[in-house]
$ cat run02.pdb   # PDB, C-alpha atoms and all ligand atoms
ATOM      1  CA  MET A 286      82.820 135.665 122.210
ATOM      2  CA  GLN A 287      81.046 132.547 121.033
ATOM      3  CA  THR A 288      81.064 129.526 123.280
ATOM      4  CA  PRO A 289      82.094 126.428 121.385
ATOM      5  CA  THR A 290      79.514 123.677 121.265
ATOM      6  CA  ASP A 291      80.376 120.351 122.840
ATOM      7  CA  LYS A 292      81.057 118.897 119.439
ATOM      8  CA  GLU A 293      83.421 121.695 118.453
ATOM      9  CA  ALA A 294      85.198 121.510 121.777
ATOM     10  CA  ARG A 295      85.648 117.763 121.351
ATOM     11  CA  THR A 296      86.983 118.281 117.854
ATOM     12  CA  ASP A 297      89.463 120.862 119.160
ATOM     13  CA  VAL A 298      90.720 118.427 121.738
ATOM     14  CA  GLN A 299      91.102 115.758 119.089
ATOM     15  CA  THR A 300      92.850 118.182 116.750
ATOM     16  CA  ASP A 301      95.285 119.229 119.456
ATOM     17  CA  ALA A 302      95.982 115.644 120.312
ATOM     18  CA  ARG A 303      96.700 114.894 116.677
ATOM     19  CA  LYS A 304      99.066 117.840 116.398
ATOM     20  CA  ASP A 305     101.199 116.175 119.056
ATOM     21  CA  SER A 306     101.558 113.053 117.024
ATOM     22  CA  ASP A 307     100.410 113.689 113.525
ATOM     23  CA  LYS A 308     102.244 110.709 112.117
ATOM     24  CA  ASP A 309     100.452 108.329 114.408
ATOM     25  CA  LEU A 310      97.743 106.135 112.956
ATOM     26  CA  ARG A 311      96.442 105.430 116.441
ATOM     27  CA  LYS A 312      95.311 109.048 116.711
ATOM     28  CA  ALA A 313      93.690 109.051 113.286
ATOM     29  CA  GLY A 314      91.974 105.783 114.113
ATOM     30  CA  THR A 315      90.272 107.263 117.154
ATOM     31  CA  PHE A 316      88.634 109.887 114.968
ATOM     32  CA  ASP A 317      84.943 109.434 114.256
ATOM     33  CA  ARG A 318      84.749 107.599 110.941
ATOM     34  CA  HIS A 319      81.257 108.938 110.073
ATOM     35  CA  ARG A 320      80.367 105.494 108.738
ATOM     36  CA  ASP A 321      76.749 106.437 107.986
ATOM     37  CA  GLY A 322      77.924 108.703 105.168
ATOM     38  CA  HIS A 323      78.482 105.533 103.169
ATOM     39  CA  ASP A 324      74.883 104.543 102.625
ATOM     40  CA  ASN A 325      74.772 105.479  98.953
ATOM     41  CA  ARG A 326      78.046 103.933  97.994
ATOM     42  CA  SER A 327      78.482 101.377  95.323
ATOM     43  CA  ALA A 328      82.229 100.789  95.300
ATOM     44  CA  THR A 329      84.078  98.723  97.866
ATOM     45  CA  VAL A 330      87.291 100.500  98.856
ATOM     46  CA  ILE A 331      90.307  98.316  99.621
ATOM     47  CA  VAL A 332      93.549  99.720 101.014
ATOM     48  CA  LEU A 333      96.779  97.801 100.392
ATOM     49  CA  SER A 334      99.004  98.566 103.304
ATOM     50  CA  ASN A 335     101.955  97.318 105.299
ATOM     51  CA  HIS A 336     104.371  99.529 107.189
ATOM     52  CA  LYS A 337     107.223  97.873 105.296
ATOM     53  CA  GLY A 338     108.428  98.941 101.880
ATOM     54  CA  GLY A 339     109.254  96.451  99.134
ATOM     55  CA  VAL A 340     106.462  94.013 100.010
ATOM     56  CA  THR A 341     104.651  94.365  96.632
ATOM     57  CA  LYS A 342     101.973  96.875  97.654
ATOM     58  CA  THR A 343     102.364  98.793  94.402
ATOM     59  CA  THR A 344     102.845  95.768  92.143
ATOM     60  CA  SER A 345      99.803  94.127  93.703
ATOM     61  CA  THR A 346      97.662  97.264  93.329
ATOM     62  CA  ALA A 347      98.546  97.501  89.631
ATOM     63  CA  ASN A 348      98.057  93.817  88.787
ATOM     64  CA  LEU A 349      95.047  93.187  90.987
ATOM     65  CA  GLY A 350      93.460  96.341  89.555
ATOM     66  CA  ALA A 351      94.040  95.072  86.027
ATOM     67  CA  MET A 352      92.583  91.650  86.812
ATOM     68  CA  LEU A 353      89.527  93.111  88.513
ATOM     69  CA  ALA A 354      88.937  95.205  85.389
ATOM     70  CA  GLU A 355      89.417  92.101  83.251
ATOM     71  CA  ALA A 356      86.777  90.392  85.419
ATOM     72  CA  GLY A 357      84.316  93.125  84.483
ATOM     73  CA  GLN A 358      84.680  95.394  87.514
ATOM     74  CA  ARG A 359      84.824  99.154  87.119
ATOM     75  CA  THR A 360      88.068  99.623  89.019
ATOM     76  CA  LEU A 361      89.841 102.728  90.270
ATOM     77  CA  ILE A 362      93.435 102.609  91.492
ATOM     78  CA  VAL A 363      94.698 105.525  93.563
ATOM     79  CA  ASP A 364      98.347 106.385  94.161
ATOM     80  CA  CYS A 365      98.594 107.577  97.773
ATOM     81  CA  ASP A 366     102.393 107.252  97.903
ATOM     82  CA  PRO A 367     104.425 110.392  97.057
ATOM     83  CA  GLN A 368     107.092 108.108  95.583
ATOM     84  CA  ALA A 369     104.518 107.854  92.756
ATOM     85  CA  ASN A 370     105.591 104.315  91.825
ATOM     86  CA  LEU A 371     102.058 103.288  90.857
ATOM     87  CA  SER A 372     101.685 106.365  88.643
ATOM     88  CA  GLU A 373     105.048 105.656  87.011
ATOM     89  CA  ALA A 374     104.165 101.995  86.508
ATOM     90  CA  PHE A 375     101.438 103.213  84.148
ATOM     91  CA  GLY A 376     103.573 105.967  82.608
ATOM     92  CA  TRP A 377     101.894 108.828  84.439
ATOM     93  CA  THR A 378     104.935 111.113  84.661
ATOM     94  CA  GLU A 379     104.780 114.666  85.986
ATOM     95  CA  GLU A 380     104.693 116.301  82.537
ATOM     96  CA  ILE A 381     101.358 114.751  81.622
ATOM     97  CA  PRO A 382      98.698 117.410  82.196
ATOM     98  CA  GLY A 383      95.738 116.825  84.489
ATOM     99  CA  GLU A 384      94.843 116.853  88.143
ATOM    100  CA  ARG A 385      96.633 114.635  90.608
ATOM    101  CA  LEU A 386      95.636 113.266  94.002
ATOM    102  CA  GLU A 387      97.409 116.179  95.692
ATOM    103  CA  ASP A 388      95.227 118.683  93.795
ATOM    104  CA  LEU A 389      92.056 116.891  94.853
ATOM    105  CA  LEU A 390      93.205 116.730  98.466
ATOM    106  CA  ALA A 391      93.949 120.439  98.465
ATOM    107  CA  ARG A 392      90.477 121.180  96.996
ATOM    108  CA  PRO A 393      88.153 118.284  97.862
ATOM    109  CA  GLU A 394      85.151 120.202  96.482
ATOM    110  CA  ALA A 395      86.707 119.748  93.012
ATOM    111  CA  SER A 396      86.696 115.975  93.422
ATOM    112  CA  THR A 397      82.970 115.621  92.750
ATOM    113  CA  ARG A 398      83.572 116.841  89.186
ATOM    114  CA  PHE A 399      86.777 114.897  88.694
ATOM    115  CA  GLN A 400      86.642 111.970  86.279
ATOM    116  CA  PRO A 401      89.671 109.696  86.545
ATOM    117  CA  ALA A 402      91.312 108.808  83.213
ATOM    118  CA  ALA A 403      92.048 105.312  81.914
ATOM    119  CA  ALA A 404      95.115 104.000  83.759
ATOM    120  CA  LEU A 405      96.808 102.740  80.588
ATOM    121  CA  ARG A 406      98.200 105.601  78.514
ATOM    122  CA  PRO A 407      96.502 105.986  75.105
ATOM    123  CA  ASP A 408      99.374 104.286  73.229
ATOM    124  CA  VAL A 409      99.700 101.371  75.657
ATOM    125  CA  GLY A 410      97.679  98.139  75.477
ATOM    126  CA  VAL A 411      95.474  99.541  72.734
ATOM    127  CA  ASN A 412      93.786  96.177  72.239
ATOM    128  CA  VAL A 413      93.197  95.461  75.897
ATOM    129  CA  GLU A 414      89.477  94.846  76.088
ATOM    130  CA  TRP A 415      89.060  96.208  79.629
ATOM    131  CA  ARG A 416      91.235  99.330  79.294
ATOM    132  CA  GLU A 417      88.361 101.787  79.912
ATOM    133  CA  ARG A 418      87.304  99.904  83.052
ATOM    134  CA  LEU A 419      90.618 100.515  84.846
ATOM    135  CA  ARG A 420      91.013 104.140  85.909
ATOM    136  CA  ILE A 421      93.671 105.915  87.927
ATOM    137  CA  ILE A 422      94.134 108.873  90.214
ATOM    138  CA  PRO A 423      97.883 109.407  89.889
ATOM    139  CA  CYS A 424     100.081 111.566  92.098
ATOM    140  CA  THR A 425     103.494 113.199  91.993
ATOM    141  CA  ASP A 426     106.027 113.797  94.756
ATOM    142  CA  ALA A 427     104.167 117.057  95.515
ATOM    143  CA  LEU A 428     101.686 114.850  97.396
ATOM    144  CA  ALA A 429     104.180 114.772 100.281
ATOM    145  CA  ASP A 430     104.026 118.560 100.723
ATOM    146  CA  VAL A 431     100.258 118.700 100.483
ATOM    147  CA  ALA A 432      99.925 115.907 103.070
ATOM    148  CA  ALA A 433     102.329 117.734 105.388
ATOM    149  CA  ASP A 434     100.376 121.000 105.015
ATOM    150  CA  LEU A 435      96.906 119.486 105.417
ATOM    151  CA  PRO A 436      96.705 119.808 109.211
ATOM    152  CA  HIS A 437      97.211 123.581 108.808
ATOM    153  CA  LEU A 438      95.118 124.111 105.668
ATOM    154  CA  GLY A 439      92.474 121.503 106.352
ATOM    155  CA  GLY A 440      91.961 122.139 110.059
ATOM    156  CA  ALA A 441      89.724 119.814 112.026
ATOM    157  CA  GLY A 442      88.807 116.714 110.099
ATOM    158  CA  HIS A 443      91.698 116.963 107.692
ATOM    159  CA  GLU A 444      92.277 113.216 108.115
ATOM    160  CA  LEU A 445      89.005 112.671 106.293
ATOM    161  CA  ARG A 446      90.023 114.663 103.209
ATOM    162  CA  LEU A 447      91.146 111.578 101.318
ATOM    163  CA  ARG A 448      87.939 109.877 102.295
ATOM    164  CA  GLN A 449      85.948 112.783 100.818
ATOM    165  CA  VAL A 450      87.894 112.476  97.569
ATOM    166  CA  ILE A 451      87.315 108.703  97.419
ATOM    167  CA  ASP A 452      83.659 108.912  98.454
ATOM    168  CA  ALA A 453      83.014 111.214  95.496
ATOM    169  CA  GLN A 454      84.165 108.373  93.201
ATOM    170  CA  ARG A 455      82.228 105.553  94.879
ATOM    171  CA  PRO A 456      79.092 105.862  92.738
ATOM    172  CA  HIS A 457      81.145 105.438  89.555
ATOM    173  CA  PHE A 458      83.116 102.301  90.457
ATOM    174  CA  ASP A 459      82.723  98.755  91.760
ATOM    175  CA  ILE A 460      86.123  98.579  93.428
ATOM    176  CA  VAL A 461      88.670 101.176  94.491
ATOM    177  CA  LEU A 462      92.222 100.133  95.415
ATOM    178  CA  LEU A 463      94.427 102.476  97.446
ATOM    179  CA  ASP A 464      98.207 102.025  97.209
ATOM    180  CA  THR A 465      99.971 103.438 100.262
ATOM    181  CA  PRO A 466     103.475 104.524 101.227
ATOM    182  CA  PRO A 467     105.592 102.417 103.547
ATOM    183  CA  GLY A 468     105.104 103.347 107.195
ATOM    184  CA  LEU A 469     101.942 104.206 109.046
ATOM    185  CA  GLY A 470     102.185 107.968 108.592
ATOM    186  CA  THR A 471      99.591 110.566 107.677
ATOM    187  CA  LEU A 472      98.800 109.270 104.179
ATOM    188  CA  SER A 473      98.495 105.632 105.238
ATOM    189  CA  GLY A 474      96.272 106.684 108.120
ATOM    190  CA  MET A 475      94.060 108.733 105.811
ATOM    191  CA  ALA A 476      93.857 105.805 103.374
ATOM    192  CA  MET A 477      92.753 103.460 106.153
ATOM    193  CA  LEU A 478      90.063 105.929 107.174
ATOM    194  CA  ALA A 479      88.893 106.091 103.549
ATOM    195  CA  ALA A 480      88.715 102.310 103.078
ATOM    196  CA  ASP A 481      86.298  99.504 103.945
ATOM    197  CA  GLN A 482      88.770  96.650 103.763
ATOM    198  CA  LEU A 483      92.503  96.089 104.209
ATOM    199  CA  LEU A 484      94.739  93.768 102.214
ATOM    200  CA  ILE A 485      98.223  93.239 103.669
ATOM    201  CA  PRO A 486     100.847  92.260 101.088
ATOM    202  CA  ALA A 487     103.856  90.616 102.755
ATOM    203  CA  LEU A 488     106.935  88.662 101.836
ATOM    204  CA  ALA A 489     107.519  85.237 103.287
ATOM    205  CA  ALA A 490     110.115  86.265 105.862
ATOM    206  CA  ASP A 491     110.217  86.231 109.649
ATOM    207  CA  LEU A 492     110.139  90.007 110.009
ATOM    208  CA  ASP A 493     107.146  90.207 107.716
ATOM    209  CA  VAL A 494     105.232  87.720 109.837
ATOM    210  CA  ARG A 495     105.821  89.875 112.889
ATOM    211  CA  GLY A 496     105.085  93.074 110.967
ATOM    212  CA  ALA A 497     101.778  91.745 109.653
ATOM    213  CA  GLY A 498     100.860  90.704 113.193
ATOM    214  CA  LYS A 499     101.484  94.217 114.485
ATOM    215  CA  LEU A 500      99.353  95.699 111.745
ATOM    216  CA  TYR A 501      96.535  93.277 112.574
ATOM    217  CA  ASP A 502      96.662  94.292 116.253
ATOM    218  CA  LEU A 503      96.810  97.978 115.442
ATOM    219  CA  VAL A 504      93.857  97.890 113.051
ATOM    220  CA  GLU A 505      91.707  95.717 115.290
ATOM    221  CA  ALA A 506      92.311  98.063 118.211
ATOM    222  CA  GLU A 507      92.284 101.457 116.523
ATOM    223  CA  VAL A 508      90.428 101.258 113.207
ATOM    224  CA  PRO A 509      87.745  98.701 114.053
ATOM    225  CA  GLY A 510      85.546  99.627 111.077
ATOM    226  CA  LEU A 511      88.236  98.436 108.688
ATOM    227  CA  ARG A 512      87.757  94.780 107.779
ATOM    228  CA  ILE A 513      90.972  92.829 107.244
ATOM    229  CA  ILE A 514      90.742  90.651 104.134
ATOM    230  CA  GLY A 515      94.010  88.946 105.036
ATOM    231  CA  VAL A 516      97.687  88.645 104.189
ATOM    232  CA  LEU A 517      98.800  88.189 100.594
ATOM    233  CA  ILE A 518     102.112  86.369 100.435
ATOM    234  CA  ALA A 519     103.825  87.621  97.296
ATOM    235  CA  ALA A 520     107.121  87.270  95.440
ATOM    236  CA  SER A 521     107.667  83.889  97.044
ATOM    237  CA  GLU A 522     107.265  80.264  96.045
ATOM    238  CA  ARG A 523     104.938  77.879  97.785
ATOM    239  CA  ARG A 524     107.602  75.184  97.644
ATOM    240  CA  TRP A 525     110.056  77.316  99.644
ATOM    241  CA  ARG A 526     110.252  76.274 103.243
ATOM    242  CA  VAL A 527     110.307  79.912 104.362
ATOM    243  CA  THR A 528     106.976  80.469 102.604
ATOM    244  CA  ARG A 529     105.350  77.494 104.279
ATOM    245  CA  ASP A 530     106.797  78.506 107.675
ATOM    246  CA  ALA A 531     105.598  82.096 107.302
ATOM    247  CA  ALA A 532     102.100  80.995 106.316
ATOM    248  CA  ALA A 533     101.952  78.522 109.224
ATOM    249  CA  ARG A 534     103.074  81.126 111.757
ATOM    250  CA  MET A 535     100.544  83.663 110.521
ATOM    251  CA  ASP A 536      97.853  81.003 110.680
ATOM    252  CA  ALA A 537      98.855  80.126 114.234
ATOM    253  CA  ASP A 538      98.592  83.815 115.160
ATOM    254  CA  ASP A 539      95.030  83.946 113.801
ATOM    255  CA  MET A 540      95.934  85.956 110.738
ATOM    256  CA  ARG A 541      94.172  85.029 107.532
ATOM    257  CA  VAL A 542      96.639  84.003 104.882
ATOM    258  CA  LEU A 543      94.956  84.231 101.495
ATOM    259  CA  PRO A 544      94.856  81.020  99.475
ATOM    260  CA  VAL A 545      96.758  82.721  96.646
ATOM    261  CA  HIS A 546     100.538  82.929  96.461
ATOM    262  CA  VAL A 547     102.073  85.315  93.988
ATOM    263  CA  PRO A 548     105.260  83.643  92.727
ATOM    264  CA  ARG A 549     108.561  85.371  92.280
ATOM    265  CA  ALA A 550     109.444  86.462  88.740
ATOM    266  CA  VAL A 551     112.366  88.711  87.987
ATOM    267  CA  ARG A 552     110.621  90.243  84.963
ATOM    268  CA  VAL A 553     108.053  91.933  87.215
ATOM    269  CA  ALA A 554     110.696  94.507  88.124
ATOM    270  CA  SER A 555     111.075  95.708  84.521
ATOM    271  CA  ALA A 556     107.337  96.131  83.848
ATOM    272  CA  PRO A 557     107.284  99.904  84.626
ATOM    273  CA  ARG A 558     109.628 100.420  81.674
ATOM    274  CA  TYR A 559     106.726  99.396  79.429
ATOM    275  CA  ARG A 560     104.202 101.541  81.329
ATOM    276  CA  ALA A 561     101.967  98.556  82.009
ATOM    277  CA  PRO A 562     101.766  95.882  84.688
ATOM    278  CA  THR A 563     102.656  92.226  84.049
ATOM    279  CA  ALA A 564      98.927  91.504  83.824
ATOM    280  CA  VAL A 565      98.945  93.458  80.561
ATOM    281  CA  LEU A 566     102.401  92.551  79.248
ATOM    282  CA  GLU A 567     102.103  88.814  79.885
ATOM    283  CA  PRO A 568      98.484  87.952  80.576
ATOM    284  CA  ASP A 569      99.199  84.200  80.495
ATOM    285  CA  SER A 570     102.142  84.239  82.925
ATOM    286  CA  MET A 571     102.118  82.695  86.411
ATOM    287  CA  ILE A 572     102.069  86.192  87.917
ATOM    288  CA  SER A 573      98.995  87.174  85.932
ATOM    289  CA  HIS A 574      97.347  83.892  86.789
ATOM    290  CA  ALA A 575      97.972  84.482  90.511
ATOM    291  CA  TYR A 576      96.502  87.976  90.405
ATOM    292  CA  ARG A 577      93.546  86.685  88.394
ATOM    293  CA  GLN A 578      92.928  84.152  91.167
ATOM    294  CA  LEU A 579      93.297  86.882  93.779
ATOM    295  CA  ALA A 580      90.745  89.034  91.957
ATOM    296  CA  ALA A 581      88.280  86.116  91.915
ATOM    297  CA  HIS A 582      88.882  85.454  95.611
ATOM    298  CA  ILE A 583      88.304  89.076  96.553
ATOM    299  CA  LEU A 584      85.114  89.265  94.498
ATOM    300  CA  GLU A 585      83.806  86.173  96.283
ATOM    301  CA  GLU A 586      84.620  87.745  99.647
ATOM    302  CA  ILE A 587      82.869  90.984  98.768
ATOM    303  CA  ALA A 588      79.778  89.154  97.508
ATOM    304  CA  ARG A 589      79.439  87.273 100.795
TER     305      ARG A 589
HETATM  306  N1  LIG A 601     106.150  88.719  92.161
HETATM  307  C1  LIG A 601     107.287  89.396  92.127
HETATM  308  N2  LIG A 601     108.446  88.796  91.755
HETATM  309  C2  LIG A 601     109.602  89.483  91.736
HETATM  310  N3  LIG A 601     109.729  90.768  92.047
HETATM  311  C3  LIG A 601     108.625  91.425  92.428
HETATM  312  C4  LIG A 601     107.353  90.785  92.483
HETATM  313  N4  LIG A 601     106.425  91.697  92.902
HETATM  314  C5  LIG A 601     107.101  92.838  93.075
HETATM  315  N5  LIG A 601     108.416  92.698  92.787
HETATM  316  C6  LIG A 601     109.473  93.725  92.856
HETATM  317  O1  LIG A 601     109.758  93.965  94.226
HETATM  318  C7  LIG A 601     110.034  95.351  94.417
HETATM  319  C8  LIG A 601     109.078  95.917  95.457
HETATM  320  O2  LIG A 601     107.750  95.850  94.944
HETATM  321  P1  LIG A 601     106.742  97.067  95.144
HETATM  322  O3  LIG A 601     105.462  96.648  94.533
HETATM  323  O4  LIG A 601     107.356  98.327  94.662
HETATM  324  O5  LIG A 601     106.626  97.074  96.727
HETATM  325  P2  LIG A 601     106.064  98.217  97.710
HETATM  326  O6  LIG A 601     105.069  99.015  96.977
HETATM  327  O7  LIG A 601     105.475  97.447  98.860
HETATM  328  O8  LIG A 601     107.250  99.021  98.149
HETATM  329  C9  LIG A 601     109.896  96.023  93.069
HETATM  330  O9  LIG A 601     111.171  96.134  92.492
HETATM  331  C10 LIG A 601     109.033  95.060  92.288
HETATM  332  O10 LIG A 601     109.280  95.124  90.915
HETATM  333 MG    MG A 602     104.995 101.065  96.675
END
$ encode --input "run02.pdb" --output "structure tokens" --more "lines below"
Ligand SMILES: Nc1ncnc2c1ncn2[C@@H]1O[C@H](COP(=O)(O)OP(=O)(O)O)[C@@H](O)[C@H]1O
Ligand SMILES: [Mg+2]
Amino acid sequence: MQTPTDKEARTDVQTDARKDSDKDLRKAGTFDRHRDGHDNRSATVIVLSNHKGGVTKTTSTANLGAMLAEAGQRTLIVDCDPQANLSEAFGWTEEIPGERLEDLLARPEASTRFQPAAALRPDVGVNVEWRERLRIIPCTDALADVAADLPHLGGAGHELRLRQVIDAQRPHFDIVLLDTPPGLGTLSGMAMLAADQLLIPALAADLDVRGAGKLYDLVEAEVPGLRIIGVLIAASERRWRVTRDAAARMDADDMRVLPVHVPRAVRVASAPRYRAPTAVLEPDSMISHAYRQLAAHILEEIAR
């Protein structure tokens, strides 16, 4: 019988530990991130995450992605949430043929050949100048099953499968945005391991202040390679007292609150019906303006 090398033995221990608590980001975070594999990258990978749902992760991924493309960036948005809200927001329903994130995760070797399609469907935003610059890797609800099966199919290192898929795209893009499910489960953990930077969308509410604080602590302790860009306060008005209070409390807790507030606009909720984000439907609206500002801010940060 072969004796396992030290490295293999260590990996076994880590794998066993993860089996005990597969849904725990802390375990994934302790895994070796193999940072040196990133030397040839061009894209910066940003994960939008918050363990809460309904905090504008998906809306922000779609609109920020659009505005980065408008600003000249080759941008890839990736739907890592089996609810597939990002995919649906661009009209990528299940019937449309083509590979999805779950297919690439199941066969990461195929991801080197995979060329993501334009995010806007061919009949949507036909005159949008940047349409070819914004690409998407959509998913369907089958992503949930593939993610659940990965520990068995993927074996040791399965947490890095998403990272392999994303790394294969890095040479072709300037920025990659990862939209994540609510909660800090397997897919969110894998997305954090695949990313360079974290953007935390949050609402201006007391629970969100506390939630963002917890996420800060968790990332700083367990995923130290992941740089936190800061908290994006969205769907709230600067003139609201609750917004000012939330921003002040986050500031006091040493969280970075981004100098961009995305205002609340009821029409944002109906955008998916038109298979395009507000940034496309109403490029001159306050929402689009806010995301345009956010795109500029993020580009400045990356250039630093
Ligand atoms: N700026 C905004 N103003 C009003 N409603 C918004 C705004 N941004 C997002 N929403 C709505 O809030 C809900 C949650 O947003 P979503 O992006 O799906 O959050 P998450 O991905 O974090 O669950 C959706 O119905 C969305 O349309
Ligand atoms: Mg979402």
$ residues_near_ligand --input "run02.pdb" --ligand "ligand LIG 601 (chain A)" --cutoff "10 Å" --atoms "all atoms listed in the file" --output "ChimeraX atom specification"
/A:333-348,366,368-371,374,464-467,485-488,518-522,546-557,562-563,571-573,575-576
$ resolve_selection --input "run02.pdb" --expression "the PyMOL selection byres (((chain A and resi 482-484) around 8) and not hetatm)" --output "ChimeraX atom specification"
/A:329-334,477,480-481,485-486,511-517
$ closest_residue --input "run02.pdb" --among "A:Val494, A:Ala432, A:Leu445, A:Val363" --to "ligand MG 602 (chain A)" --atoms "all atoms listed in the file"
A:Val363
$ atom_distance --input "run02.pdb" --atom1 "atom CA of Arg359 of chain A" --atom2 "atom CA of Gly470 of chain A"
29.0 Å
$ resolve_selection --input "run02.pdb" --expression "the PyMOL selection byres (((chain A and resi 394-410) around 7) and not hetatm)" --output "list in words"
Phe375, Gly376, Leu389, Arg392, Pro393, Val411, Asn412, Val413, Arg416, Glu417, Leu419, Arg420, Ile421, Ile422, Val450, Ala453 and Ala561 of chain A
$ atom_distance --input "run02.pdb" --atom1 "atom CA of Trp415 of chain A" --atom2 "atom CA of Leu472 of chain A"
29.5 Å
$ atom_distance --input "run02.pdb" --atom1 "atom CA of Arg385 of chain A" --atom2 "atom CA of Asp434 of chain A"
16.2 Å
$ closest_residue --input "run02.pdb" --among "A:Arg418, A:His582, A:Arg495, A:Arg446" --to "Thr471 of chain A" --atoms "only C-alpha atoms"
A:Arg446
$ closest_residue --input "run02.pdb" --among "A:Leu361, A:Pro568, A:Met540, A:Ile587" --to "Ile460 of chain A" --atoms "all atoms listed in the file"
A:Leu361
$ decode --input "run02.pdb" --residues "segment 391-411 of chain A" --atoms "C-alpha atoms" --output "CSV table (one decimal), in the first residue's frame"
chain,number,residue,atom,x,y,z
A,391,ALA,CA,-18.9,19.8,-13.1
A,392,ARG,CA,-16.2,19.8,-15.8
A,393,PRO,CA,-13.7,22.6,-15.1
A,394,GLU,CA,-11.4,21.3,-17.9
A,395,ALA,CA,-14.1,22.5,-20.3
A,396,SER,CA,-13.9,26.1,-18.9
A,397,THR,CA,-10.7,26.9,-20.8
A,398,ARG,CA,-12.6,26.6,-24.1
A,399,PHE,CA,-15.7,28.3,-22.8
A,400,GLN,CA,-16.4,31.8,-24.2
A,401,PRO,CA,-19.1,33.6,-22.3
A,402,ALA,CA,-21.9,35.2,-24.5
A,403,ALA,CA,-23.0,38.8,-24.4
A,404,ALA,CA,-25.2,39.3,-21.3
A,405,LEU,CA,-27.9,41.2,-23.2
A,406,ARG,CA,-30.0,38.9,-25.4
A,407,PRO,CA,-29.6,39.5,-29.1
A,408,ASP,CA,-33.0,41.4,-29.3
A,409,VAL,CA,-32.4,43.5,-26.2
A,410,GLY,CA,-30.5,46.9,-26.2
A,411,VAL,CA,-29.5,46.4,-29.8
